[in-house]
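Right, one structure below, let's go through it.
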Amino acid sequence: MPAAPMPALQFPAGFLRGPATSAHQVEGNNTRNQWWRFEQQPGAIWHGDRSGLACDWWNHAEVDFDLMERMGHSAHRMSLEWSRIEPEPGRFDSAAIERYRALLDGLRRRNIRPMVTLHHFTNPLWLEQAGGWENPAAIVRFQQYVRYAVRTLGDLCNQWVTLNEPLVYVVQGWVRGIWPPQKTHLLAALRVFRHLLQAHGVAYQTLHANSPGAPVGYALPVRVFQPSNPKRWLDRKAANLKRYLVEHLWVTGAADGKLRFPLGLDEYQHSLADSADFIGINFYTRDLVRFHPDPRQLFGEEHFSPDGEYSDRGRRGVYSEYAPQALHQIVREVNAFHKPIYITENGLPDHDDDQRPRWLLGHLHALHQAIQQGCDVRGYYHWTLTDNFEWSEGWGLRFGRVELDPATQLRRPRPSAALYSAIARTNAISETLVQTYAPELHPILFPTAAPQQQNVRKR
Ligand code: FCB
């Protein structure tokens, strides 16, 4: 007789699930920001790709909203394009706001709760021409845009993310120099990072003043750096330094209001203190760190475990390593700040979808465990729904549960689309789903159940 199915891994009632996106990667024709300009440079983007129409959301986002609704999604994290809303300094475009109002309203009518990011890597060209984020004036400029956005959209959005992955923006643009403005200048990098942290605090206060009930947070890039050789003192120091710079400086600054070294000398910023109502975690991989004397690598060379399982390879090699236990670890660490936690991004590039179902299940299981252990995780935003324009990787990396041909805009769901949809609808991971999509995970997710051989789909 077949064993009775085990009870499903149930998530708390109201747990939010949906995709994460960003404006430049999906809207198309964002011609007035620095990324569009960067894309025109030969060699800037892998295979010479351009964002072009992207996923054509500026015209037809509703196509994907319908998909989200059919997939039982309850939430969506999206971003606003500053250069559309404020195409020239101080001139705000009401037509752009009308389109964003239609998008937010469209989500709400489908019972999908929007979480809106105000800065996701792109700046208006006019801001760049004025020195971008190296210039402290950007903080005031950002505040004015945020004020306008919350006043015109605040009735349709009640959850905000100020900045997406500030440190990734800084490292790619000013340390590695592979994203605009393509600099390798450590002091400028620190100045930009300091301005971004200050801008977060100011934006937090502005959002609260104009929409008091709406929670505000940030989306932190987390890679859970671990020493390559834990016995080697230099590797341990290098890994700790990265954790300090990438995670600690920001999270503690936004908690106690202090600009720590090397951003400052512990100056207290009133607007920054207690400036997160929730903490957003963007998690894709963990990294091993081996000491390296090069300051441009922040004294640590990052690499993946030689016996790890890898996603598709990007322009510069392996993109991510399967490490759901690192997500579990970081959620437990962040929980010590006693703020609600959202996974604001998680996913992998996997064009043939032969890993995505397993990675999805593995990461959701890690979250489920953390929740069982008392962590306050409120939602999971998967990167992403449809293939999109992946910054300097162009269209070369495919993160979508739905395959997109950018030339024809035709969409074709991959197998993981049905899996995530089933989890979203039931708010649970059932044994049958695991047997169907990733039977090799069965002993991990349902350790006390007898293995069931029926229903195992050949992959
Ligand atoms: C994150 C970015 C997001 C997307 C994913 C794959 O670092 O926030 O825009 O490109 O990586």
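In the structure tokens, the first chain shown is A, the next is B, and so on; residue numbers restart at 1 for each chain, and ligands run from 1 in the order shown.
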
All residues 10 Å or closer to Arg332 (chain A), only C-alpha atoms, same chain fewer than 3 positions away omitted, as JSON, numbers by chain: {"A": [326, 327, 328, 329, 335, 336, 337, 367, 370, 371, 373, 374, 375, 376, 377]}

Expected file contents, prior selection, N, CA, C and O atoms, as a PDB file, in the first residue's frame:
```pdb
ATOM      1  N   ALA A 326      22.483  29.113   2.828  1.00  0.00           N
ATOM      2  CA  ALA A 326      22.992  30.469   3.082  1.00  0.00           C
ATOM      3  C   ALA A 326      21.822  31.451   3.205  1.00  0.00           C
ATOM      4  O   ALA A 326      21.889  32.417   3.970  1.00  0.00           O
ATOM      5  N   LEU A 327      20.738  31.212   2.477  1.00  0.00           N
ATOM      6  CA  LEU A 327      19.548  32.058   2.627  1.00  0.00           C
ATOM      7  C   LEU A 327      18.977  31.870   4.037  1.00  0.00           C
ATOM      8  O   LEU A 327      18.612  32.833   4.714  1.00  0.00           O
ATOM      9  N   HIS A 328      18.929  30.629   4.463  1.00  0.00           N
ATOM     10  CA  HIS A 328      18.454  30.335   5.811  1.00  0.00           C
ATOM     11  C   HIS A 328      19.297  31.078   6.846  1.00  0.00           C
ATOM     12  O   HIS A 328      18.787  31.733   7.761  1.00  0.00           O
ATOM     13  N   GLN A 329      20.608  31.022   6.662  1.00  0.00           N
ATOM     14  CA  GLN A 329      21.524  31.679   7.610  1.00  0.00           C
ATOM     15  C   GLN A 329      21.291  33.186   7.654  1.00  0.00           C
ATOM     16  O   GLN A 329      21.174  33.780   8.735  1.00  0.00           O
ATOM     17  N   ASN A 335      16.989  38.562  11.210  1.00  0.00           N
ATOM     18  CA  ASN A 335      15.858  38.533  12.148  1.00  0.00           C
ATOM     19  C   ASN A 335      16.212  39.162  13.502  1.00  0.00           C
ATOM     20  O   ASN A 335      15.347  39.630  14.229  1.00  0.00           O
ATOM     21  N   ALA A 336      17.512  39.222  13.791  1.00  0.00           N
ATOM     22  CA  ALA A 336      17.948  39.823  15.060  1.00  0.00           C
ATOM     23  C   ALA A 336      17.631  41.319  15.110  1.00  0.00           C
ATOM     24  O   ALA A 336      17.665  41.922  16.180  1.00  0.00           O
ATOM     25  N   PHE A 337      17.323  41.937  13.953  1.00  0.00           N
ATOM     26  CA  PHE A 337      16.968  43.359  13.949  1.00  0.00           C
ATOM     27  C   PHE A 337      15.483  43.577  14.266  1.00  0.00           C
ATOM     28  O   PHE A 337      15.007  44.700  14.305  1.00  0.00           O
ATOM     29  N   LEU A 367      13.332  29.012   3.579  1.00  0.00           N
ATOM     30  CA  LEU A 367      12.531  30.065   4.221  1.00  0.00           C
ATOM     31  C   LEU A 367      11.519  29.465   5.178  1.00  0.00           C
ATOM     32  O   LEU A 367      11.285  29.978   6.276  1.00  0.00           O
ATOM     33  N   ALA A 370      13.149  28.658   8.339  1.00  0.00           N
ATOM     34  CA  ALA A 370      13.431  29.862   9.145  1.00  0.00           C
ATOM     35  C   ALA A 370      12.148  30.362   9.808  1.00  0.00           C
ATOM     36  O   ALA A 370      12.160  30.782  10.968  1.00  0.00           O
ATOM     37  N   ILE A 371      11.048  30.311   9.082  1.00  0.00           N
ATOM     38  CA  ILE A 371       9.764  30.762   9.648  1.00  0.00           C
ATOM     39  C   ILE A 371       9.363  29.852  10.815  1.00  0.00           C
ATOM     40  O   ILE A 371       8.949  30.319  11.877  1.00  0.00           O
ATOM     41  N   GLN A 373      11.274  28.411  12.712  1.00  0.00           N
ATOM     42  CA  GLN A 373      12.159  28.714  13.847  1.00  0.00           C
ATOM     43  C   GLN A 373      11.899  30.104  14.412  1.00  0.00           C
ATOM     44  O   GLN A 373      12.668  30.592  15.234  1.00  0.00           O
ATOM     45  N   GLY A 374      10.859  30.760  13.925  1.00  0.00           N
ATOM     46  CA  GLY A 374      10.452  32.027  14.532  1.00  0.00           C
ATOM     47  C   GLY A 374      10.837  33.276  13.759  1.00  0.00           C
ATOM     48  O   GLY A 374      10.616  34.385  14.249  1.00  0.00           O
ATOM     49  N   CYS A 375      11.424  33.135  12.578  1.00  0.00           N
ATOM     50  CA  CYS A 375      11.795  34.339  11.815  1.00  0.00           C
ATOM     51  C   CYS A 375      10.550  34.940  11.171  1.00  0.00           C
ATOM     52  O   CYS A 375       9.685  34.235  10.674  1.00  0.00           O
ATOM     53  N   ASP A 376      10.532  36.271  11.152  1.00  0.00           N
ATOM     54  CA  ASP A 376       9.345  36.990  10.690  1.00  0.00           C
ATOM     55  C   ASP A 376       9.459  37.297   9.189  1.00  0.00           C
ATOM     56  O   ASP A 376       9.650  38.440   8.786  1.00  0.00           O
ATOM     57  N   VAL A 377       9.350  36.265   8.363  1.00  0.00           N
ATOM     58  CA  VAL A 377       9.440  36.452   6.910  1.00  0.00           C
ATOM     59  C   VAL A 377       8.026  36.588   6.369  1.00  0.00           C
ATOM     60  O   VAL A 377       7.187  35.717   6.585  1.00  0.00           O
TER      61      VAL A 377
END
```

Within-7 Å residues of ligand 1, basis only C-alpha atoms and all ligand atoms, as a VMD selection string: chain A and resid 21 to 22 120 164 to 165 168 221 383 390 to 391

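Distances from A:Leu361, A:Leu187, A:Cys55, A:Ala366 to Gln325 (chain A) were compared using only C-alpha atoms, and the smallest one belongs to A:Ala366.
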
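For Glu393 (chain A), the residues within 8 Å (counting only C-alpha atoms, excluding itself and residues fewer than 2 positions away along the chain) are Ile45, Trp46, Gly314, Arg315, Phe389, Glu390, Trp391, Trp395, Gly396 and Leu397 of chain A.
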
Helix (DSSP H, G or I) residues, from DSSP on the backbone, in region 176-350 of chain A, as an MDAnalysis selection string: chainID A and resid 186:210 233:256 270:272 295:297 324:337

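Near Tyr319 (chain A), within a cut-off of 12 Å and counting only C-alpha atoms, sit the residues Tyr284, Thr285, Arg286, Asp287, Glu302, His303, Phe304, Glu309, Tyr310, Ser311, Asp312, Arg313, Gly314, Arg315, Arg316, Tyr322, Gly347, Leu348, Pro349, Asp350, Glu393, Gly396, Leu397, Arg398 and Phe399 of chain A, with same-chain residues fewer than 3 positions away left out.
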
Using only C-alpha atoms: which of A:Arg356, A:Arg378, A:Arg113, A:Arg37 has the shortest distance to Tyr437 (chain A): A:Arg356

Two-atom distance - CA of His351 (chain A), CA of Glu403 (chain A) (Å): 8.0 Å

Within 8 Å of Leu234 (chain A) using only C-alpha atoms, minus same-chain residues under 4 positions, as a ChimeraX atom specification: /A:238,290-291

Export of prior selection with C-alpha atoms as a CSV table (one decimal), in the first residue's frame:
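Full text of out-v3.csv as output:
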```
chain,number,residue,atom,x,y,z
A,238,ALA,CA,38.7,39.1,3.8
A,290,ARG,CA,40.1,34.1,-0.7
A,291,PHE,CA,42.4,36.9,0.5
```

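The space separating CA of Trp133 (chain A) from CA of Val192 (chain A) comes to 5.3 Å.
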
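By chain and then residue number, the residues within 12 Å of Phe261 (chain A) are Leu190, Arg191, Phe193, Arg194, Leu241, Tyr244, Leu245, His248, Leu249, Trp250, Thr252, Gly253, Leu265, Asp266 and Glu267 of chain A, counting only C-alpha atoms and disregarding those fewer than 4 positions away in sequence.
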
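Distances here use only C-alpha atoms; by that measure, the residue among A:Ala23, A:Ala407, A:Val216, A:Leu16 closest to Ala75 (chain A) is A:Leu16.
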
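Between Ala130 (chain A) and the candidates A:Ala61, A:His200, A:Arg108, A:Glu88, the tightest atom-to-atom separation, counting only C-alpha atoms, involves A:Glu88.
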
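Taking only C-alpha atoms into account, Lys237 (chain A) lies nearest to A:His292 out of the set A:Ile85, A:Leu9, A:Leu207, A:His292.
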
Taking only residues of region 274-379 of chain A that have an atom at most 12 Å from an atom of region 431-436 of chain A, what is each one's shortest atom pair and its distance in Å to one decimal, using only C-alpha atoms, in chain and number order, as a tab-separated table?
```
residue	atom	partner	partner_atom	distance
A:Pro357	CA	A:Val434	CA	9.1
A:Arg358	CA	A:Val434	CA	8.4
A:Trp359	CA	A:Val434	CA	11.5
A:Leu360	CA	A:Val434	CA	10.6
A:Leu361	CA	A:Val434	CA	7.6
A:Gly362	CA	A:Val434	CA	9.9
A:Leu364	CA	A:Val434	CA	11.7
A:His365	CA	A:Val434	CA	10.7
```

Close residues, Phe15 (chain A) itself excluded, 8 Å, only C-alpha atoms, min 5 positions apart in chain, as a PyMOL selection string: chain A and resi 378-380+427

Any chance you can output those residues with N, CA, C and O atoms as a JSON list (two decimals), in the first residue's frame?
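Saved as out-v8.json:
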```json
[["chain", "number", "residue", "atom", "x", "y", "z"],
["A", 378, "ARG", "N", 7.78, 37.70, 5.65],
["A", 378, "ARG", "CA", 6.40, 38.00, 5.22],
["A", 378, "ARG", "C", 6.12, 37.73, 3.75],
["A", 378, "ARG", "O", 4.96, 37.78, 3.33],
["A", 379, "GLY", "N", 7.17, 37.57, 2.94],
["A", 379, "GLY", "CA", 6.88, 37.38, 1.52],
["A", 379, "GLY", "C", 8.12, 37.01, 0.73],
["A", 379, "GLY", "O", 9.25, 37.15, 1.21],
["A", 380, "TYR", "N", 7.87, 36.54, -0.50],
["A", 380, "TYR", "CA", 8.95, 36.06, -1.36],
["A", 380, "TYR", "C", 8.66, 36.54, -2.79],
["A", 380, "TYR", "O", 7.64, 36.18, -3.38],
["A", 427, "ASN", "N", -0.39, 28.22, -0.99],
["A", 427, "ASN", "CA", 0.45, 28.77, 0.07],
["A", 427, "ASN", "C", 1.23, 27.66, 0.78],
["A", 427, "ASN", "O", 1.46, 27.70, 1.99]]
```

Please tabulate, as JSON lines, the residues of region 84-117 of chain A that come within 10 Å of region 147-152 of chain A, each with its closest pair of atoms and the distance in Å to one decimal, counting only C-alpha atoms and ordering rows by chain, then residue number upward.
```
{"residue": "A:Ile85", "atom": "CA", "partner": "A:Ala149", "partner_atom": "CA", "distance": 8.1}
{"residue": "A:Glu86", "atom": "CA", "partner": "A:Tyr148", "partner_atom": "CA", "distance": 9.3}
{"residue": "A:Phe92", "atom": "CA", "partner": "A:Tyr148", "partner_atom": "CA", "distance": 8.1}
{"residue": "A:Ser94", "atom": "CA", "partner": "A:Thr152", "partner_atom": "CA", "distance": 9.1}
{"residue": "A:Ile97", "atom": "CA", "partner": "A:Thr152", "partner_atom": "CA", "distance": 7.2}
{"residue": "A:Glu98", "atom": "CA", "partner": "A:Thr152", "partner_atom": "CA", "distance": 9.0}
{"residue": "A:Tyr100", "atom": "CA", "partner": "A:Thr152", "partner_atom": "CA", "distance": 9.6}
{"residue": "A:Arg101", "atom": "CA", "partner": "A:Thr152", "partner_atom": "CA", "distance": 8.3}
```

Restricted to all heavy atoms, what would the selected residues look like written as an mmCIF file, in the first residue's frame?
```
data_model
loop_
_atom_site.group_PDB
_atom_site.id
_atom_site.type_symbol
_atom_site.label_atom_id
_atom_site.label_comp_id
_atom_site.auth_asym_id
_atom_site.auth_seq_id
_atom_site.Cartn_x
_atom_site.Cartn_y
_atom_site.Cartn_z
ATOM 1 N N ILE A 85 9.482 60.080 -14.869
ATOM 2 C CA ILE A 85 8.653 60.920 -13.996
ATOM 3 C C ILE A 85 9.185 62.352 -13.963
ATOM 4 O O ILE A 85 8.415 63.309 -13.938
ATOM 5 C CB ILE A 85 8.603 60.292 -12.584
ATOM 6 C CG1 ILE A 85 7.838 58.964 -12.665
ATOM 7 C CG2 ILE A 85 7.974 61.236 -11.575
ATOM 8 C CD1 ILE A 85 7.715 58.212 -11.364
ATOM 9 N N GLU A 86 10.511 62.495 -14.006
ATOM 10 C CA GLU A 86 11.123 63.831 -13.978
ATOM 11 C C GLU A 86 12.115 63.932 -15.142
ATOM 12 O O GLU A 86 13.331 63.855 -14.950
ATOM 13 C CB GLU A 86 11.826 64.059 -12.624
ATOM 14 C CG GLU A 86 12.216 65.495 -12.393
ATOM 15 C CD GLU A 86 12.889 65.709 -11.023
ATOM 16 O OE1 GLU A 86 13.045 64.736 -10.265
ATOM 17 O OE2 GLU A 86 13.258 66.863 -10.744
ATOM 18 N N PHE A 92 7.973 67.653 -13.801
ATOM 19 C CA PHE A 92 7.395 66.330 -13.584
ATOM 20 C C PHE A 92 6.349 66.054 -14.670
ATOM 21 O O PHE A 92 5.606 66.954 -15.065
ATOM 22 C CB PHE A 92 6.787 66.250 -12.186
ATOM 23 C CG PHE A 92 7.834 66.333 -11.109
ATOM 24 C CD1 PHE A 92 8.139 67.538 -10.495
ATOM 25 C CD2 PHE A 92 8.555 65.207 -10.752
ATOM 26 C CE1 PHE A 92 9.122 67.621 -9.525
ATOM 27 C CE2 PHE A 92 9.545 65.273 -9.776
ATOM 28 C CZ PHE A 92 9.837 66.486 -9.166
ATOM 29 N N SER A 94 3.098 64.448 -15.927
ATOM 30 C CA SER A 94 1.850 63.880 -15.409
ATOM 31 C C SER A 94 1.403 62.680 -16.248
ATOM 32 O O SER A 94 0.743 61.771 -15.743
ATOM 33 C CB SER A 94 0.756 64.945 -15.338
ATOM 34 O OG SER A 94 0.617 65.545 -16.596
ATOM 35 N N ILE A 97 3.016 59.692 -14.780
ATOM 36 C CA ILE A 97 2.340 59.311 -13.533
ATOM 37 C C ILE A 97 1.015 58.616 -13.846
ATOM 38 O O ILE A 97 0.658 57.620 -13.199
ATOM 39 C CB ILE A 97 2.128 60.560 -12.642
ATOM 40 C CG1 ILE A 97 3.466 61.005 -12.060
ATOM 41 C CG2 ILE A 97 1.113 60.295 -11.532
ATOM 42 C CD1 ILE A 97 4.110 60.023 -11.067
ATOM 43 N N GLU A 98 0.314 59.094 -14.858
ATOM 44 C CA GLU A 98 -0.957 58.439 -15.219
ATOM 45 C C GLU A 98 -0.728 56.981 -15.593
ATOM 46 O O GLU A 98 -1.491 56.100 -15.229
ATOM 47 C CB GLU A 98 -1.642 59.179 -16.376
ATOM 48 C CG GLU A 98 -2.433 60.389 -15.943
ATOM 49 C CD GLU A 98 -3.238 60.151 -14.648
ATOM 50 O OE1 GLU A 98 -4.010 59.175 -14.583
ATOM 51 O OE2 GLU A 98 -3.052 60.928 -13.688
ATOM 52 N N TYR A 100 1.772 55.087 -14.568
ATOM 53 C CA TYR A 100 2.076 54.330 -13.344
ATOM 54 C C TYR A 100 0.815 54.118 -12.510
ATOM 55 O O TYR A 100 0.640 53.066 -11.888
ATOM 56 C CB TYR A 100 3.175 55.018 -12.525
ATOM 57 C CG TYR A 100 4.557 54.755 -13.087
ATOM 58 C CD1 TYR A 100 5.399 55.796 -13.446
ATOM 59 C CD2 TYR A 100 5.025 53.445 -13.267
ATOM 60 C CE1 TYR A 100 6.664 55.555 -13.964
ATOM 61 C CE2 TYR A 100 6.285 53.198 -13.787
ATOM 62 C CZ TYR A 100 7.095 54.249 -14.138
ATOM 63 O OH TYR A 100 8.354 53.986 -14.664
ATOM 64 N N ARG A 101 -0.076 55.091 -12.517
ATOM 65 C CA ARG A 101 -1.335 54.910 -11.772
ATOM 66 C C ARG A 101 -2.131 53.754 -12.386
ATOM 67 O O ARG A 101 -2.691 52.927 -11.671
ATOM 68 C CB ARG A 101 -2.172 56.203 -11.778
ATOM 69 C CG ARG A 101 -1.596 57.300 -10.893
ATOM 70 C CD ARG A 101 -2.574 58.460 -10.715
ATOM 71 N NE ARG A 101 -3.786 58.057 -10.015
ATOM 72 C CZ ARG A 101 -3.904 57.930 -8.693
ATOM 73 N NH1 ARG A 101 -2.882 58.188 -7.917
ATOM 74 N NH2 ARG A 101 -5.046 57.544 -8.147
#
```
